[in-house]
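> Before I ask anything, let me first share the structure, which is written out below as structure tokens.
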Amino acid sequence: MQAGNDTTETENATPVNGFLAAHLSHIRTRTDRGFGVFLLIQWLAALLIASWVAPVSFFGGFAGLPMPVQRAVLWGALITLPTAALALRRSGETATRYTVAVCQMLMSALLIDLTNGRIETHFHVFVSLAFLAFYLDMGVLGTACAVILVDQAVRGAFFPATVWGPYGQSGDTLLWTEHALWIAFMGVLGALGVRERLRDLRRDGDGQALLFQSNAALQNSETQFRQLAEDTDRILFMTDAQTGVGIYASPLYIQLWKTPTDTPLSFLTRIAPEHRDWARAIWQGAADGVAGLAEVLLDTGEWMRLRTFPVRGGTDQVYRVVLTAADISTEKLREQDQLQAYERERRIASTMQSMVLAHESVPIAGIQIAPFYRPALFHEAAICGDFFDTVTLPDDKIAVIVGDVSGKGLDAARHMTEVKYALRAYLRDSASPGEMLAKLSRYLCESFPVAGGRVGTERFVALSLAVVDTLTGETVIACGGIEPPLLVRGGAVTVLEEAGGLPLGILPDAVYDEVSLTLSPGDTLVMVSDGVTEARNFRRELLGLDGWEAIVRGSVLAHPALSDAAEAALSCVTDHAQGELSDDACGVWVRKE
């Protein structure tokens, strides 16, 4: 068996254990060579012991052992010389270390014999076991323990004085048992140390193997990256993460940038000055491990979308940055056209919305009216479907309307206008709120039919309608899909939930119940859209109907003038949302004088 191939079946179970096997082979080779020298030194020590120490027994005088020096020369030579030669010439082989283990323990036995069983040489057994543990081989330790136990058992039975000295004459049978237990204890202790050391080496080997595999995978990935880059229409560039020096540039990159790849951050040279800091920032971000995206203008007037990607090594450290660039000039032109079209649409929708929300402050005898409208603060919501309206009817009556059509933008503004004037037309025929909502719902269902088995959300309308007799205060209210009106009377607030119903445009035969009441002087009717109750605070908590009810009560009590109360209530809603409403807030306050 050759050095370097000395692995067990377990060690060859996975590729990562190849590192463990190589490390063990190196350790065992060095240990073999160390024992080759150590055995020769022990032999010389045996000769000295035989000459000076062996004749002296535990209690003084001469033990009378025959020819100790001759035994040290003869047996020491037989044990030491072949084994030392084997350890030096065939280091690292399995047979070598097992031979060393046997001969090392035989040398311990010889020293015990030469010293007539002196206790000092018994400790040589323990030292030998400790040195043999350097092989990190459980079998070597087991073999060494077995050899010394057999030696002491045989010689203890037939030549006890050569093992136990003077104590061997007493016939004490417990001597061998005691020594055997000590040898077994040292063997177990050494085995535990070997197991722990092997575990550490295996962990180190796993880490080295993983690093090797990672580096191999990275090299393979770079090769594949270069092959793919030759065939792609995307401009590619790879740099060193620390220096910014180019490592690779695709043919398209060279064609466009016309700069050497070894120039640090060379891709910046063609970018317009006002965009260079942006491009440099995303490269630095990728060098720190974060992918980046930027759209930059070249000095030729072309637009490029730059993307940066970090490439990590086996230690998870970023060592490469890959940059890709795609021409988005056509896309930018298309975006510009779309932006111009949107701006035109926004202006038209804004004009239509302004017309719908225009409120003429015409005095109405016996009634005060205070409308309010607060758009949400995000861009698109500036053109939404919330609206209010007041319509003068025959017989000293007025209609008060608060509505919310679905959708945003020009479609919402157009639909809002259509709903408002359709309802105005229906009110000329009848002043029954429930009947008016039913007619409008049927009209919406017929005008926007179901498409593909689904109801289009663009036809939905949430609306509340109140018809008020300005002389008597008699009021009839009907609602569909909107917040229930509030009646404020004498400091108490009543929620008119009975006026609820489905949003308009869902069912053509929907029925809307009416609520009748009489407004006494000082009574206030408040009608709002859901943008009020759905205002959220920083914890994303809704204001809700209860919160709105409390705000209305406090505003009416604190502000005698109706317009002041309406403005104060709206300010409270805005404060709850930290100044940023998520939906339009629209409503009308009506008070009987």
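Letters A, B, ... go to the chains of the structure tokens in the order shown; residues in each chain start at 1; ligands are counted from 1 in the same order.
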Can you pull out every residue within 12 Å of Val100 (chain A), counting only C-alpha atoms, but drop anything in the same chain fewer than 2 positions away, and send it as an mmCIF file with all heavy atoms, in the first residue's frame?

```cif
data_model
loop_
_atom_site.group_PDB
_atom_site.id
_atom_site.type_symbol
_atom_site.label_atom_id
_atom_site.label_comp_id
_atom_site.auth_asym_id
_atom_site.auth_seq_id
_atom_site.Cartn_x
_atom_site.Cartn_y
_atom_site.Cartn_z
ATOM 1 N N ARG A 28 0.650 11.100 9.360
ATOM 2 C CA ARG A 28 1.163 9.758 9.657
ATOM 3 C C ARG A 28 2.551 9.550 9.063
ATOM 4 O O ARG A 28 3.387 8.837 9.650
ATOM 5 C CB ARG A 28 0.173 8.721 9.138
ATOM 6 C CG ARG A 28 -1.104 8.700 9.975
ATOM 7 C CD ARG A 28 -2.255 8.008 9.298
ATOM 8 N NE ARG A 28 -3.454 8.044 10.167
ATOM 9 C CZ ARG A 28 -4.667 7.664 9.775
ATOM 10 N NH1 ARG A 28 -4.864 7.234 8.533
ATOM 11 N NH2 ARG A 28 -5.671 7.725 10.627
ATOM 12 N N THR A 31 4.848 11.259 11.479
ATOM 13 C CA THR A 31 4.925 10.496 12.734
ATOM 14 C C THR A 31 5.790 9.261 12.552
ATOM 15 O O THR A 31 6.577 8.890 13.448
ATOM 16 C CB THR A 31 3.518 10.114 13.198
ATOM 17 O OG1 THR A 31 2.701 11.293 13.287
ATOM 18 C CG2 THR A 31 3.558 9.440 14.557
ATOM 19 N N ASP A 32 5.673 8.579 11.407
ATOM 20 C CA ASP A 32 6.531 7.412 11.127
ATOM 21 C C ASP A 32 8.001 7.807 11.167
ATOM 22 O O ASP A 32 8.833 7.122 11.788
ATOM 23 C CB ASP A 32 6.202 6.836 9.747
ATOM 24 C CG ASP A 32 4.984 5.929 9.784
ATOM 25 O OD1 ASP A 32 4.658 5.428 10.865
ATOM 26 O OD2 ASP A 32 4.353 5.734 8.726
ATOM 27 N N ARG A 33 8.323 8.914 10.511
ATOM 28 C CA ARG A 33 9.725 9.349 10.479
ATOM 29 C C ARG A 33 10.200 9.740 11.879
ATOM 30 O O ARG A 33 11.364 9.476 12.260
ATOM 31 C CB ARG A 33 9.872 10.517 9.522
ATOM 32 C CG ARG A 33 9.675 10.103 8.066
ATOM 33 C CD ARG A 33 9.591 11.295 7.142
ATOM 34 N NE ARG A 33 9.347 10.868 5.771
ATOM 35 C CZ ARG A 33 9.025 11.689 4.779
ATOM 36 N NH1 ARG A 33 8.902 13.001 5.041
ATOM 37 N NH2 ARG A 33 8.829 11.227 3.570
ATOM 38 N N GLY A 34 9.307 10.352 12.662
ATOM 39 C CA GLY A 34 9.679 10.685 14.027
ATOM 40 C C GLY A 34 9.965 9.448 14.861
ATOM 41 O O GLY A 34 10.935 9.408 15.638
ATOM 42 N N PHE A 35 9.137 8.406 14.699
ATOM 43 C CA PHE A 35 9.362 7.168 15.444
ATOM 44 C C PHE A 35 10.620 6.462 14.955
ATOM 45 O O PHE A 35 11.285 5.744 15.726
ATOM 46 C CB PHE A 35 8.148 6.244 15.312
ATOM 47 C CG PHE A 35 7.165 6.398 16.430
ATOM 48 C CD1 PHE A 35 5.952 7.010 16.211
ATOM 49 C CD2 PHE A 35 7.455 5.946 17.701
ATOM 50 C CE1 PHE A 35 5.038 7.171 17.238
ATOM 51 C CE2 PHE A 35 6.548 6.091 18.743
ATOM 52 C CZ PHE A 35 5.336 6.715 18.513
ATOM 53 N N GLY A 36 10.980 6.614 13.662
ATOM 54 C CA GLY A 36 12.218 5.999 13.177
ATOM 55 C C GLY A 36 13.414 6.503 13.937
ATOM 56 O O GLY A 36 14.326 5.730 14.277
ATOM 57 N N VAL A 37 13.436 7.789 14.230
ATOM 58 C CA VAL A 37 14.533 8.364 15.012
ATOM 59 C C VAL A 37 14.360 8.049 16.494
ATOM 60 O O VAL A 37 15.323 7.707 17.201
ATOM 61 C CB VAL A 37 14.578 9.888 14.783
ATOM 62 C CG1 VAL A 37 15.659 10.524 15.653
ATOM 63 C CG2 VAL A 37 14.823 10.188 13.307
ATOM 64 N N PHE A 38 13.125 8.119 16.993
ATOM 65 C CA PHE A 38 12.850 7.902 18.405
ATOM 66 C C PHE A 38 13.215 6.481 18.838
ATOM 67 O O PHE A 38 13.728 6.264 19.942
ATOM 68 C CB PHE A 38 11.378 8.189 18.676
ATOM 69 C CG PHE A 38 10.988 8.073 20.111
ATOM 70 C CD1 PHE A 38 11.577 8.887 21.076
ATOM 71 C CD2 PHE A 38 10.032 7.149 20.520
ATOM 72 C CE1 PHE A 38 11.215 8.786 22.400
ATOM 73 C CE2 PHE A 38 9.683 7.033 21.847
ATOM 74 C CZ PHE A 38 10.272 7.858 22.797
ATOM 75 N N LEU A 39 12.969 5.484 17.977
ATOM 76 C CA LEU A 39 13.317 4.095 18.315
ATOM 77 C C LEU A 39 14.814 3.924 18.506
ATOM 78 O O LEU A 39 15.275 3.205 19.404
ATOM 79 C CB LEU A 39 12.803 3.156 17.217
ATOM 80 C CG LEU A 39 11.290 2.901 17.206
ATOM 81 C CD1 LEU A 39 10.869 2.208 15.925
ATOM 82 C CD2 LEU A 39 10.875 2.074 18.419
ATOM 83 N N ILE A 79 14.380 -5.410 17.901
ATOM 84 C CA ILE A 79 13.153 -4.594 17.932
ATOM 85 C C ILE A 79 13.331 -3.298 17.143
ATOM 86 O O ILE A 79 12.465 -2.903 16.365
ATOM 87 C CB ILE A 79 12.762 -4.284 19.386
ATOM 88 C CG1 ILE A 79 12.360 -5.570 20.111
ATOM 89 C CG2 ILE A 79 11.620 -3.266 19.436
ATOM 90 C CD1 ILE A 79 12.158 -5.392 21.598
ATOM 91 N N THR A 80 14.481 -2.661 17.310
ATOM 92 C CA THR A 80 14.641 -1.289 16.845
ATOM 93 C C THR A 80 15.065 -1.179 15.396
ATOM 94 O O THR A 80 14.459 -0.430 14.608
ATOM 95 C CB THR A 80 15.676 -0.561 17.726
ATOM 96 O OG1 THR A 80 15.215 -0.555 19.063
ATOM 97 C CG2 THR A 80 15.911 0.859 17.230
ATOM 98 N N LEU A 81 16.106 -1.882 15.002
ATOM 99 C CA LEU A 81 16.720 -1.616 13.700
ATOM 100 C C LEU A 81 15.766 -1.888 12.526
ATOM 101 O O LEU A 81 15.608 -1.014 11.656
ATOM 102 C CB LEU A 81 18.012 -2.427 13.581
ATOM 103 C CG LEU A 81 19.118 -2.012 14.556
ATOM 104 C CD1 LEU A 81 20.354 -2.887 14.378
ATOM 105 C CD2 LEU A 81 19.472 -0.549 14.371
ATOM 106 N N PRO A 82 15.130 -3.049 12.435
ATOM 107 C CA PRO A 82 14.224 -3.243 11.280
ATOM 108 C C PRO A 82 13.047 -2.251 11.280
ATOM 109 O O PRO A 82 12.648 -1.754 10.233
ATOM 110 C CB PRO A 82 13.727 -4.682 11.478
ATOM 111 C CG PRO A 82 14.714 -5.327 12.387
ATOM 112 C CD PRO A 82 15.197 -4.251 13.291
ATOM 113 N N THR A 83 12.533 -1.972 12.494
ATOM 114 C CA THR A 83 11.368 -1.073 12.566
ATOM 115 C C THR A 83 11.750 0.343 12.192
ATOM 116 O O THR A 83 11.009 1.045 11.485
ATOM 117 C CB THR A 83 10.788 -1.098 13.993
ATOM 118 O OG1 THR A 83 10.526 -2.446 14.367
ATOM 119 C CG2 THR A 83 9.497 -0.293 14.052
ATOM 120 N N ALA A 84 12.931 0.806 12.668
ATOM 121 C CA ALA A 84 13.369 2.156 12.321
ATOM 122 C C ALA A 84 13.591 2.283 10.818
ATOM 123 O O ALA A 84 13.237 3.304 10.208
ATOM 124 C CB ALA A 84 14.650 2.501 13.092
ATOM 125 N N ALA A 85 14.194 1.250 10.227
ATOM 126 C CA ALA A 85 14.410 1.282 8.776
ATOM 127 C C ALA A 85 13.081 1.334 8.031
ATOM 128 O O ALA A 85 12.914 2.074 7.052
ATOM 129 C CB ALA A 85 15.213 0.053 8.344
ATOM 130 N N LEU A 86 12.108 0.511 8.512
ATOM 131 C CA LEU A 86 10.790 0.510 7.872
ATOM 132 C C LEU A 86 10.118 1.879 8.006
ATOM 133 O O LEU A 86 9.525 2.393 7.051
ATOM 134 C CB LEU A 86 9.918 -0.574 8.511
ATOM 135 C CG LEU A 86 8.511 -0.753 7.923
ATOM 136 C CD1 LEU A 86 8.586 -1.287 6.503
ATOM 137 C CD2 LEU A 86 7.695 -1.713 8.800
ATOM 138 N N ALA A 87 10.213 2.496 9.195
ATOM 139 C CA ALA A 87 9.564 3.783 9.430
ATOM 140 C C ALA A 87 10.169 4.878 8.569
ATOM 141 O O ALA A 87 9.470 5.807 8.138
ATOM 142 C CB ALA A 87 9.665 4.147 10.903
ATOM 143 N N LEU A 88 11.468 4.796 8.311
ATOM 144 C CA LEU A 88 12.124 5.841 7.525
ATOM 145 C C LEU A 88 11.979 5.620 6.028
ATOM 146 O O LEU A 88 11.925 6.577 5.259
ATOM 147 C CB LEU A 88 13.608 5.919 7.908
ATOM 148 C CG LEU A 88 13.898 6.383 9.346
ATOM 149 C CD1 LEU A 88 15.388 6.257 9.655
ATOM 150 C CD2 LEU A 88 13.436 7.819 9.555
ATOM 151 N N ARG A 90 9.526 3.522 4.408
ATOM 152 C CA ARG A 90 8.146 3.323 3.928
ATOM 153 C C ARG A 90 7.169 4.101 4.827
ATOM 154 O O ARG A 90 6.196 3.557 5.352
ATOM 155 C CB ARG A 90 7.792 1.835 3.897
ATOM 156 C CG ARG A 90 8.742 1.013 3.023
ATOM 157 C CD ARG A 90 8.336 -0.448 2.959
ATOM 158 N NE ARG A 90 7.094 -0.630 2.241
ATOM 159 C CZ ARG A 90 6.997 -0.777 0.915
ATOM 160 N NH1 ARG A 90 8.093 -0.734 0.172
ATOM 161 N NH2 ARG A 90 5.833 -0.952 0.334
ATOM 162 N N SER A 91 7.460 5.355 4.982
ATOM 163 C CA SER A 91 6.642 6.207 5.846
ATOM 164 C C SER A 91 5.249 6.379 5.253
ATOM 165 O O SER A 91 5.076 6.492 4.042
ATOM 166 C CB SER A 91 7.297 7.591 5.986
ATOM 167 O OG SER A 91 8.603 7.465 6.466
ATOM 168 N N GLY A 92 4.253 6.416 6.165
ATOM 169 C CA GLY A 92 2.876 6.705 5.756
ATOM 170 C C GLY A 92 2.050 5.486 5.423
ATOM 171 O O GLY A 92 0.841 5.600 5.224
ATOM 172 N N GLU A 93 2.648 4.301 5.380
ATOM 173 C CA GLU A 93 1.887 3.105 5.052
ATOM 174 C C GLU A 93 1.252 2.514 6.305
ATOM 175 O O GLU A 93 1.775 2.650 7.416
ATOM 176 C CB GLU A 93 2.781 2.080 4.364
ATOM 177 C CG GLU A 93 3.328 2.564 3.032
ATOM 178 C CD GLU A 93 4.070 1.471 2.293
ATOM 179 O OE1 GLU A 93 4.011 0.296 2.764
ATOM 180 O OE2 GLU A 93 4.699 1.762 1.265
ATOM 181 N N THR A 94 0.128 1.838 6.099
ATOM 182 C CA THR A 94 -0.603 1.266 7.226
ATOM 183 C C THR A 94 0.246 0.238 7.980
ATOM 184 O O THR A 94 0.316 0.242 9.214
ATOM 185 C CB THR A 94 -1.895 0.608 6.734
ATOM 186 O OG1 THR A 94 -2.668 1.567 6.033
ATOM 187 C CG2 THR A 94 -2.700 0.053 7.892
ATOM 188 N N ALA A 95 0.909 -0.666 7.251
ATOM 189 C CA ALA A 95 1.719 -1.711 7.886
ATOM 190 C C ALA A 95 2.827 -1.096 8.727
ATOM 191 O O ALA A 95 3.197 -1.635 9.784
ATOM 192 C CB ALA A 95 2.308 -2.632 6.825
ATOM 193 N N THR A 96 3.361 0.013 8.276
ATOM 194 C CA THR A 96 4.472 0.645 8.996
ATOM 195 C C THR A 96 4.034 1.104 10.380
ATOM 196 O O THR A 96 4.697 0.830 11.383
ATOM 197 C CB THR A 96 5.005 1.837 8.194
ATOM 198 O OG1 THR A 96 5.473 1.380 6.918
ATOM 199 C CG2 THR A 96 6.139 2.523 8.946
ATOM 200 N N ARG A 97 2.914 1.822 10.458
ATOM 201 C CA ARG A 97 2.521 2.361 11.765
ATOM 202 C C ARG A 97 2.069 1.261 12.715
ATOM 203 O O ARG A 97 2.256 1.387 13.937
ATOM 204 C CB ARG A 97 1.447 3.438 11.618
ATOM 205 C CG ARG A 97 0.121 3.037 11.055
ATOM 206 C CD ARG A 97 -0.830 4.234 11.099
ATOM 207 N NE ARG A 97 -2.120 3.987 10.471
ATOM 208 C CZ ARG A 97 -2.369 4.179 9.189
ATOM 209 N NH1 ARG A 97 -1.422 4.621 8.383
ATOM 210 N NH2 ARG A 97 -3.574 3.931 8.699
ATOM 211 N N TYR A 98 1.480 0.179 12.203
ATOM 212 C CA TYR A 98 1.119 -0.927 13.099
ATOM 213 C C TYR A 98 2.367 -1.651 13.589
ATOM 214 O O TYR A 98 2.440 -2.089 14.754
ATOM 215 C CB TYR A 98 0.171 -1.892 12.395
ATOM 216 C CG TYR A 98 -1.269 -1.418 12.421
ATOM 217 C CD1 TYR A 98 -1.775 -0.585 11.443
ATOM 218 C CD2 TYR A 98 -2.102 -1.793 13.464
ATOM 219 C CE1 TYR A 98 -3.077 -0.129 11.473
ATOM 220 C CE2 TYR A 98 -3.420 -1.352 13.511
ATOM 221 C CZ TYR A 98 -3.903 -0.511 12.515
ATOM 222 O OH TYR A 98 -5.197 -0.067 12.568
ATOM 223 N N VAL A 102 3.615 -2.069 17.581
ATOM 224 C CA VAL A 102 4.008 -3.322 18.242
ATOM 225 C C VAL A 102 5.407 -3.203 18.828
ATOM 226 O O VAL A 102 5.659 -3.534 20.000
ATOM 227 C CB VAL A 102 3.915 -4.486 17.242
ATOM 228 C CG1 VAL A 102 4.514 -5.761 17.844
ATOM 229 C CG2 VAL A 102 2.466 -4.720 16.821
ATOM 230 N N CYS A 103 6.345 -2.703 18.015
ATOM 231 C CA CYS A 103 7.733 -2.643 18.462
ATOM 232 C C CYS A 103 7.927 -1.615 19.579
ATOM 233 O O CYS A 103 8.776 -1.803 20.474
ATOM 234 C CB CYS A 103 8.640 -2.319 17.276
ATOM 235 S SG CYS A 103 8.723 -3.674 16.077
ATOM 236 N N GLN A 104 7.170 -0.521 19.548
ATOM 237 C CA GLN A 104 7.280 0.478 20.616
ATOM 238 C C GLN A 104 6.859 -0.125 21.946
ATOM 239 O O GLN A 104 7.492 0.109 22.982
ATOM 240 C CB GLN A 104 6.415 1.698 20.282
ATOM 241 C CG GLN A 104 6.427 2.782 21.340
ATOM 242 C CD GLN A 104 7.803 3.396 21.536
ATOM 243 O OE1 GLN A 104 8.638 3.401 20.628
ATOM 244 N NE2 GLN A 104 8.062 3.879 22.739
ATOM 245 N N MET A 105 5.807 -0.923 21.955
ATOM 246 C CA MET A 105 5.363 -1.538 23.199
ATOM 247 C C MET A 105 6.321 -2.646 23.638
ATOM 248 O O MET A 105 6.521 -2.872 24.839
ATOM 249 C CB MET A 105 3.935 -2.081 23.054
ATOM 250 C CG MET A 105 2.918 -1.023 22.644
ATOM 251 S SD MET A 105 3.085 0.570 23.481
ATOM 252 C CE MET A 105 2.633 0.142 25.146
ATOM 253 N N LEU A 106 6.924 -3.350 22.656
ATOM 254 C CA LEU A 106 7.940 -4.342 23.017
ATOM 255 C C LEU A 106 9.163 -3.671 23.644
ATOM 256 O O LEU A 106 9.799 -4.215 24.547
ATOM 257 C CB LEU A 106 8.360 -5.151 21.786
ATOM 258 C CG LEU A 106 7.286 -6.103 21.226
ATOM 259 C CD1 LEU A 106 7.800 -6.810 19.971
ATOM 260 C CD2 LEU A 106 6.869 -7.137 22.279
ATOM 261 N N MET A 107 9.487 -2.465 23.157
ATOM 262 C CA MET A 107 10.591 -1.730 23.757
ATOM 263 C C MET A 107 10.242 -1.332 25.194
ATOM 264 O O MET A 107 11.100 -1.367 26.092
ATOM 265 C CB MET A 107 10.909 -0.490 22.926
ATOM 266 C CG MET A 107 12.081 0.324 23.464
ATOM 267 S SD MET A 107 13.641 -0.618 23.577
ATOM 268 C CE MET A 107 14.044 -0.776 21.844
ATOM 269 N N SER A 128 4.416 5.998 25.721
ATOM 270 C CA SER A 128 4.371 5.404 24.385
ATOM 271 C C SER A 128 2.964 5.499 23.789
ATOM 272 O O SER A 128 2.797 5.796 22.598
ATOM 273 C CB SER A 128 4.813 3.943 24.448
ATOM 274 O OG SER A 128 6.149 3.841 24.874
ATOM 275 N N LEU A 129 1.947 5.219 24.611
ATOM 276 C CA LEU A 129 0.569 5.331 24.115
ATOM 277 C C LEU A 129 0.253 6.771 23.690
ATOM 278 O O LEU A 129 -0.439 7.007 22.696
ATOM 279 C CB LEU A 129 -0.418 4.879 25.193
ATOM 280 C CG LEU A 129 -0.435 3.382 25.490
ATOM 281 C CD1 LEU A 129 -1.377 3.082 26.657
ATOM 282 C CD2 LEU A 129 -0.875 2.585 24.260
ATOM 283 N N PHE A 131 2.416 8.997 22.553
ATOM 284 C CA PHE A 131 3.083 9.274 21.274
ATOM 285 C C PHE A 131 2.379 8.569 20.116
ATOM 286 O O PHE A 131 2.251 9.125 19.022
ATOM 287 C CB PHE A 131 4.545 8.823 21.344
ATOM 288 C CG PHE A 131 5.422 9.754 22.133
ATOM 289 C CD1 PHE A 131 6.712 9.381 22.497
ATOM 290 C CD2 PHE A 131 4.967 11.007 22.527
ATOM 291 C CE1 PHE A 131 7.520 10.243 23.226
ATOM 292 C CE2 PHE A 131 5.772 11.866 23.260
ATOM 293 C CZ PHE A 131 7.053 11.485 23.606
ATOM 294 N N LEU A 132 1.912 7.352 20.360
ATOM 295 C CA LEU A 132 1.223 6.610 19.289
ATOM 296 C C LEU A 132 -0.105 7.256 18.912
ATOM 297 O O LEU A 132 -0.615 7.054 17.805
ATOM 298 C CB LEU A 132 0.995 5.163 19.730
ATOM 299 C CG LEU A 132 2.262 4.305 19.812
ATOM 300 C CD1 LEU A 132 1.942 2.944 20.446
ATOM 301 C CD2 LEU A 132 2.885 4.097 18.429
ATOM 302 N N TYR A 135 -0.663 9.256 15.610
ATOM 303 C CA TYR A 135 -1.064 8.662 14.326
ATOM 304 C C TYR A 135 -2.529 8.940 13.999
ATOM 305 O O TYR A 135 -2.952 8.767 12.861
ATOM 306 C CB TYR A 135 -0.842 7.143 14.363
ATOM 307 C CG TYR A 135 0.578 6.724 14.097
ATOM 308 C CD1 TYR A 135 1.325 6.071 15.072
ATOM 309 C CD2 TYR A 135 1.164 6.939 12.862
ATOM 310 C CE1 TYR A 135 2.624 5.656 14.827
ATOM 311 C CE2 TYR A 135 2.472 6.517 12.599
ATOM 312 C CZ TYR A 135 3.194 5.887 13.589
ATOM 313 O OH TYR A 135 4.473 5.478 13.335
ATOM 314 N N VAL A 140 -4.244 1.591 15.824
ATOM 315 C CA VAL A 140 -2.881 1.599 16.336
ATOM 316 C C VAL A 140 -2.887 1.598 17.862
ATOM 317 O O VAL A 140 -2.142 0.849 18.508
ATOM 318 C CB VAL A 140 -2.132 2.839 15.796
ATOM 319 C CG1 VAL A 140 -0.815 3.041 16.529
ATOM 320 C CG2 VAL A 140 -1.882 2.691 14.307
ATOM 321 N N LEU A 141 -3.749 2.416 18.466
ATOM 322 C CA LEU A 141 -3.844 2.430 19.924
ATOM 323 C C LEU A 141 -4.313 1.086 20.461
ATOM 324 O O LEU A 141 -3.787 0.584 21.470
ATOM 325 C CB LEU A 141 -4.803 3.539 20.369
ATOM 326 C CG LEU A 141 -4.284 4.977 20.297
ATOM 327 C CD1 LEU A 141 -5.394 5.950 20.668
ATOM 328 C CD2 LEU A 141 -3.101 5.161 21.240
ATOM 329 N N THR A 143 -3.989 -1.872 19.088
ATOM 330 C CA THR A 143 -2.915 -2.866 18.923
ATOM 331 C C THR A 143 -1.854 -2.699 20.004
ATOM 332 O O THR A 143 -1.388 -3.682 20.607
ATOM 333 C CB THR A 143 -2.286 -2.713 17.537
ATOM 334 O OG1 THR A 143 -3.284 -2.913 16.544
ATOM 335 C CG2 THR A 143 -1.148 -3.712 17.348
ATOM 336 N N ALA A 144 -1.473 -1.446 20.272
ATOM 337 C CA ALA A 144 -0.447 -1.195 21.291
ATOM 338 C C ALA A 144 -0.915 -1.665 22.665
ATOM 339 O O ALA A 144 -0.150 -2.303 23.414
ATOM 340 C CB ALA A 144 -0.114 0.292 21.313
ATOM 341 N N VAL A 147 -0.784 -5.521 22.849
ATOM 342 C CA VAL A 147 0.571 -6.080 22.927
ATOM 343 C C VAL A 147 1.101 -5.997 24.352
ATOM 344 O O VAL A 147 1.622 -6.972 24.911
ATOM 345 C CB VAL A 147 1.504 -5.353 21.943
ATOM 346 C CG1 VAL A 147 2.966 -5.725 22.211
ATOM 347 C CG2 VAL A 147 1.127 -5.708 20.518
#
```
> Ala550 (chain A): which residues within 12 Å, counting only C-alpha atoms, same-chain residues fewer than 4 positions away excluded, as a list in words?
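Within the cut-off, the hits are Leu486, Val488, Gly491, Ala492, Val493, Thr494, Val495, Thr533, Leu543, Gly544, Leu545, Asp546, Gly554, Ser555, Val556, Leu557, Ala569, Cys572 and Val573 of chain A.
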> One number please: CA of Trp283 (chain A) to CA of Ser329 (chain A), in Å, one decimal.
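Between CA of Trp283 (chain A) and CA of Ser329 (chain A) the gap is 21.7 Å.
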> Show me, as a PyMOL selection string, the residues that have an atom within 8 Å of Ala478 (chain A) when counting only C-alpha atoms, minus same-chain residues fewer than 3 positions from it.
chain A and resi 433-434+437+464-466+499-500+512-515
> Generate a file of the selected residues that holds N, CA, C and O atoms, formatted as a JSON list (two decimals), in the first residue's frame.

```
[["chain", "number", "residue", "atom", "x", "y", "z"],
["A", 433, "PRO", "N", -86.06, 59.94, -3.29],
["A", 433, "PRO", "CA", -84.65, 59.50, -3.34],
["A", 433, "PRO", "C", -84.50, 58.02, -3.67],
["A", 433, "PRO", "O", -83.63, 57.64, -4.47],
["A", 434, "GLY", "N", -85.32, 57.16, -3.04],
["A", 434, "GLY", "CA", -85.19, 55.73, -3.31],
["A", 434, "GLY", "C", -85.48, 55.41, -4.76],
["A", 434, "GLY", "O", -84.79, 54.59, -5.38],
["A", 437, "LEU", "N", -82.49, 56.57, -7.01],
["A", 437, "LEU", "CA", -81.33, 55.67, -6.96],
["A", 437, "LEU", "C", -81.61, 54.39, -7.73],
["A", 437, "LEU", "O", -80.71, 53.85, -8.42],
["A", 464, "SER", "N", -75.18, 58.94, -1.90],
["A", 464, "SER", "CA", -76.24, 59.26, -0.93],
["A", 464, "SER", "C", -77.02, 60.47, -1.45],
["A", 464, "SER", "O", -76.42, 61.42, -1.97],
["A", 465, "LEU", "N", -78.35, 60.42, -1.28],
["A", 465, "LEU", "CA", -79.24, 61.47, -1.81],
["A", 465, "LEU", "C", -80.24, 61.85, -0.73],
["A", 465, "LEU", "O", -80.91, 60.99, -0.16],
["A", 466, "ALA", "N", -80.28, 63.13, -0.43],
["A", 466, "ALA", "CA", -81.24, 63.63, 0.56],
["A", 466, "ALA", "C", -82.08, 64.74, -0.11],
["A", 466, "ALA", "O", -81.53, 65.66, -0.73],
["A", 499, "ALA", "N", -80.61, 53.87, 6.03],
["A", 499, "ALA", "CA", -80.61, 54.38, 4.66],
["A", 499, "ALA", "C", -79.65, 53.62, 3.76],
["A", 499, "ALA", "O", -79.47, 53.98, 2.61],
["A", 500, "GLY", "N", -79.00, 52.59, 4.24],
["A", 500, "GLY", "CA", -77.99, 51.87, 3.46],
["A", 500, "GLY", "C", -78.57, 51.01, 2.36],
["A", 500, "GLY", "O", -79.74, 50.63, 2.38],
["A", 512, "TYR", "N", -83.97, 50.56, -3.01],
["A", 512, "TYR", "CA", -83.27, 51.38, -2.02],
["A", 512, "TYR", "C", -84.28, 51.95, -1.03],
["A", 512, "TYR", "O", -85.20, 52.68, -1.41],
["A", 513, "ASP", "N", -84.12, 51.56, 0.22],
["A", 513, "ASP", "CA", -85.03, 52.02, 1.28],
["A", 513, "ASP", "C", -84.76, 53.49, 1.59],
["A", 513, "ASP", "O", -83.64, 53.99, 1.44],
["A", 514, "GLU", "N", -85.82, 54.13, 2.07],
["A", 514, "GLU", "CA", -85.73, 55.55, 2.42],
["A", 514, "GLU", "C", -85.87, 55.74, 3.93],
["A", 514, "GLU", "O", -86.53, 54.95, 4.61],
["A", 515, "VAL", "N", -85.24, 56.78, 4.41],
["A", 515, "VAL", "CA", -85.37, 57.18, 5.81],
["A", 515, "VAL", "C", -85.94, 58.59, 5.81],
["A", 515, "VAL", "O", -85.42, 59.49, 5.13]]
```
